[in-house]
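Visitor: Have a look at the structure that comes next, please.
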Amino acid sequence: MALRFTSLGSGSGGNALVVECGRTRVMMDCGFGVAETKARLERVGLAASDLAGIVVTHEHDDHLGGVAAFALRHSIPIYLTRGTAQWLPIEFPAVLVHLIDSHSVFEVEGLRVEPFPVPHDAREPVQFVFGDGDVRLGVVTDLGCSTHHVEEKLSGCHALVVECNHDLDMLWNGSYPAGLKQRIAGRFGHLDNGTAAAMVKNLERAGLRHLIAAHLSEHNNKPALAVSALAAAIGCEESWIGVATQSDGFDWREA
Ligand SMILES: [Zn+2]
Ligand SMILES: [Zn+2]
C-alpha cells in the first residue's frame with residue numbers, strides 16, 4: 001500500500017503534517033487555528049473528516065496549539081504522551097484522548113506509528129516514524145541534539161523530514177537575546193543545519209527517496225543553507241533536497 005505525506009506548514013509559527021496510507025490519514029501536530037487548519041487541509045485536497053487521528057509530539061504552541069480546538073470541533077481522536085496530555089484544556093473530552101507510551105508502537109486504523117523520545121525542552125516530547133509495514137517515513141522536527149536512539153529509529157527510512165532550525169552563525173550573530181540563543185542552540189533546543197546534516201549522514205539510508213528540511217527559523221536560517229548542508233552530508237544534488245516552508249509546507253510526496 002502506498003504511503004504519502006504532505007506538510008501544511010512548518011516552523012515556529014505552526015506545524016502540521018498529514019500522512020496517508022490507503023484510506024487512513026493521520027495529522028501530526030496542529031499549530032494552526034481551526035479555520036486556518038481547514039484552509040490548509042483544503043489546499044492539499046482534504047477535509048477534517050478525512051482524518052482518523054491527530055498524533056502530537058509535544059506541548060509547544062506551534063505543535064499543540066491548535067489540536068484541542070480542531071479535534072473537539074470535528075471529534076477526532078488524539079494520540080499523545082501523558083506528559084503532553086497534561087497541557088490539554090481541562091474540559092477536553094477524555095473519550096478523544098489516547099495516551100501513548102513514548103517507546104511503544106501503536107496503530108491508527110492500520111497506519112503504524114512508532115514514537116520515540118527526543119531531547120527537547122518539553123515535558124515528554126516524542127517524534128514519529130510512520131509505516132505501512134513496507135515503507136517508513138521518519139519525522140523529527142524539535143530536538144536539541146541527535147542521540148543514538150533517534151538515529152536507530154530513523155535508520156532505514158524511505159523518507160525523512162528533519163529539523164534544520166538554524167544556521168549557527170546566523171543565530172549567534174542575530175538579534176535574539178542571549179538567553180534565547182542559548183536555549184535554541186542548547187542540547188534541549190533545536191537542531192542547527194550542521195548537526196542535522198551530521199545526523200542524517202550517520203543513518204542507514206540505502207532506501208532513502210525523500211529528504212526534506214523542516215522547521216526552519218525565519219530569522220536564523222535560509223533554505224539554501226539548510227539544503228547545502230544536507231546535500232553535502234549525503235553527497236546528493238541540492239535540487240534533490242526538499243524544504244518545508246511556514247506558509248505552504250510541501251506538496252504530497254509518495255514514500
Ligand atoms: Zn516547534
Ligand atoms: Zn518545541
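Please note that chains go A, B, ... in the order of the C-alpha cells, that every chain numbers its residues from 1, and that ligands are numbered from 1 in the order shown.
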Residues within 8 Å of ligand 2 should be enumerated using only C-alpha atoms and all ligand atoms and returned as a PyMOL selection string.

Guide: chain A and resi 58-63+120-122+141-143+189-190

Visitor: List as a PyMOL selection string the protein and nucleic acid residues near Leu225 in chain A, meaning an atom at most 10 Å away when only C-alpha atoms are counted, but skip any in the same chain fewer than 5 places from it.

Guide: chain A and resi 164+166-167+193-194+230-231

Visitor: Could you save those same residues with C-alpha atoms as a JSON list (two decimals), in the first residue's frame?

Guide:
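Generated output (again_28.json):
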```json
[["chain", "number", "residue", "atom", "x", "y", "z"],
["A", 164, "CYS", "CA", 17.10, 22.28, 10.20],
["A", 166, "HIS", "CA", 19.08, 27.47, 12.31],
["A", 167, "ASP", "CA", 22.47, 28.26, 10.95],
["A", 193, "ASN", "CA", 21.88, 22.72, 9.89],
["A", 194, "GLY", "CA", 25.26, 21.19, 10.62],
["A", 230, "LEU", "CA", 22.17, 18.24, 3.88],
["A", 231, "ALA", "CA", 23.27, 17.74, 0.27]]
```

Visitor: List as a list in words the protein and nucleic acid residues near range 79-87 of chain A, meaning an atom at most 6 Å away when only C-alpha atoms are counted, but skip any in the same chain fewer than 5 places from it.

Guide: Val55, Val56, His58, Glu59, His98, Leu99, Ile100, Arg123 and Glu124 of chain A

Visitor: Restricting it to C-alpha atoms, dump the selection as a compact mmCIF listing (two decimals), in the first residue's frame.

Guide:
```txt
# COMPACT_ATOMS: atom_id res chain seq x y z
CA VAL A 55 -0.68 12.43 16.81
CA VAL A 56 1.05 15.08 18.90
CA HIS A 58 4.85 17.88 22.49
CA GLU A 59 3.10 20.78 24.15
CA HIS A 98 -5.39 8.08 23.60
CA LEU A 99 -2.34 8.09 25.85
CA ILE A 100 0.74 6.64 24.19
CA ARG A 123 7.56 17.59 29.41
CA GLU A 124 7.60 14.31 27.48
```

Visitor: Between CA of Arg40 in chain A and CA of Leu96 in chain A, what is the distance in Å, rounded to a tenth?

Guide: 22.8 Å

Visitor: I'd like the neighbourhood of His74 in chain A as a list in words, where a residue qualifies if any of its atoms comes within 9 Å (using only C-alpha atoms), though same-chain residues fewer than 4 positions away should be ignored.

Guide: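 Near neighbours after the sequence-gap exclusion: Ala48, Ser49, Ala69 and Phe70 of chain A.
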
Visitor: For the residues in the current selection, export N, CA and C atoms as a short mmCIF file (atom, residue, chain, number, x, y, z; two decimals), in the first residue's frame.

Guide:
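Here's the written file out-v5.cif:
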```cif
data_model
loop_
_atom_site.label_atom_id
_atom_site.label_comp_id
_atom_site.auth_asym_id
_atom_site.auth_seq_id
_atom_site.Cartn_x
_atom_site.Cartn_y
_atom_site.Cartn_z
N ALA A 48 -11.51 17.91 7.24
CA ALA A 48 -11.29 17.39 8.60
C ALA A 48 -11.81 15.96 8.74
N SER A 49 -12.89 15.66 8.06
CA SER A 49 -13.50 14.32 8.17
C SER A 49 -12.62 13.23 7.56
N ALA A 69 -8.83 22.41 19.90
CA ALA A 69 -10.00 23.04 19.27
C ALA A 69 -10.41 22.29 18.00
N PHE A 70 -9.43 21.90 17.21
CA PHE A 70 -9.73 21.22 15.94
C PHE A 70 -10.28 19.82 16.20
#
```

Visitor: Quick one: everything within 8 Å of Ser146 in chain A, counting only C-alpha atoms, minus sequence neighbours fewer than 5 positions away in the same chain. Send it as JSON, numbers by chain.

Guide: {"A": [118, 119, 151, 195, 196, 199]}

Visitor: Would you pick out the contacts of range 250-255 of chain A at 6 Å or less, using only C-alpha atoms, so that residues sharing its chain but fewer than 6 positions from it are not included, and give the list as a CSV table (one decimal) with N, CA, C and O atoms, in the first residue's frame?

Guide:
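Below is the file that was written, out_36.csv:
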```csv
chain,number,residue,atom,x,y,z
A,3,LEU,N,2.3,4.9,0.7
A,3,LEU,CA,2.2,5.8,1.9
A,3,LEU,C,2.7,7.2,1.3
A,3,LEU,O,3.7,7.3,0.7
A,4,ARG,N,1.8,8.2,1.5
A,4,ARG,CA,2.2,9.5,1.0
A,4,ARG,C,2.0,10.5,2.1
A,4,ARG,O,1.3,10.3,3.1
A,5,PHE,N,2.7,11.7,2.0
A,5,PHE,CA,2.7,12.6,3.1
A,5,PHE,C,2.8,14.0,2.5
A,5,PHE,O,3.3,14.3,1.4
A,6,THR,N,2.3,15.0,3.3
A,6,THR,CA,2.3,16.4,2.9
A,6,THR,C,2.4,17.2,4.2
A,6,THR,O,2.0,16.8,5.2
A,7,SER,N,3.0,18.4,4.0
A,7,SER,CA,3.1,19.3,5.2
A,7,SER,C,2.2,20.5,4.9
A,7,SER,O,2.1,21.0,3.8
A,159,ALA,N,11.7,7.9,3.6
A,159,ALA,CA,11.5,9.4,3.5
A,159,ALA,C,11.8,10.0,4.9
A,159,ALA,O,11.5,9.4,5.9
A,244,ALA,N,10.5,22.4,3.7
A,244,ALA,CA,9.1,22.6,4.2
A,244,ALA,C,9.0,24.1,4.6
A,244,ALA,O,9.9,24.5,5.4
```

Visitor: I'd like the interatomic distance between CA of Met28 in chain A and CA of Val126 in chain A, to a tenth of an Å.

Guide: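 CA of Val126 in chain A lies 11.3 Å from CA of Met28 in chain A.
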
Visitor: Contacts of Gly65 in chain A at 7 Å or less, counting only C-alpha atoms, minus same-chain residues fewer than 4 places along, as a list in words?

Guide: Cys30, Gly31, Phe32 and Asp61 of chain A

Visitor: Let me see the file: selected residues, N, CA and C atoms, as an mmCIF file, in the first residue's frame.

Guide:
```
data_model
loop_
_atom_site.group_PDB
_atom_site.id
_atom_site.type_symbol
_atom_site.label_atom_id
_atom_site.label_comp_id
_atom_site.auth_asym_id
_atom_site.auth_seq_id
_atom_site.Cartn_x
_atom_site.Cartn_y
_atom_site.Cartn_z
ATOM 1 N N CYS A 30 -0.730 20.108 15.296
ATOM 2 C CA CYS A 30 -1.593 21.127 14.705
ATOM 3 C C CYS A 30 -1.338 22.431 15.439
ATOM 4 N N GLY A 31 -0.527 23.256 14.817
ATOM 5 C CA GLY A 31 -0.182 24.534 15.429
ATOM 6 C C GLY A 31 -0.932 25.697 14.814
ATOM 7 N N PHE A 32 -2.034 25.396 14.130
ATOM 8 C CA PHE A 32 -2.827 26.442 13.472
ATOM 9 C C PHE A 32 -4.235 26.459 14.063
ATOM 10 N N ASP A 61 3.393 25.488 21.621
ATOM 11 C CA ASP A 61 2.244 26.049 20.935
ATOM 12 C C ASP A 61 2.231 25.806 19.421
#
```

Visitor: Could you state the separation of CA of Val227 in chain A and CA of Thr147 in chain A in Å, given to one decimal place?

Guide: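 Those two atoms sit 21.9 Å apart.
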
Visitor: Can you work out which one of A:Arg183, A:His215, A:His210, A:His148 has the shortest atom-to-atom distance to ligand 1, counting only C-alpha atoms and all ligand atoms?

Guide: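 Selected residue with least distance to ligand 1: A:His215.
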
Visitor: Select, from A:Ala214, A:Val129, A:Val135, A:Leu41, the residue with the minimum atom-to-atom distance to Phe106 in chain A, counting only C-alpha atoms.

Guide: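 So, comparing all the options, the nearest one is A:Val129.
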
Visitor: Which one is closest to Gly66 in chain A: A:Glu36, A:Gly131, A:Arg43, A:Ile234? Count only C-alpha atoms.

Guide: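 Ranking A:Glu36, A:Gly131, A:Arg43, A:Ile234 by distance to Gly66 in chain A, first place goes to A:Glu36.
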
Visitor: Could you pull out the strand (DSSP E) residues of range 70-209 of chain A from DSSP and send them as a PyMOL selection string?

Guide: chain A and resi 78-81+97-100+106-108+111-117+126-131+136-140+159-163
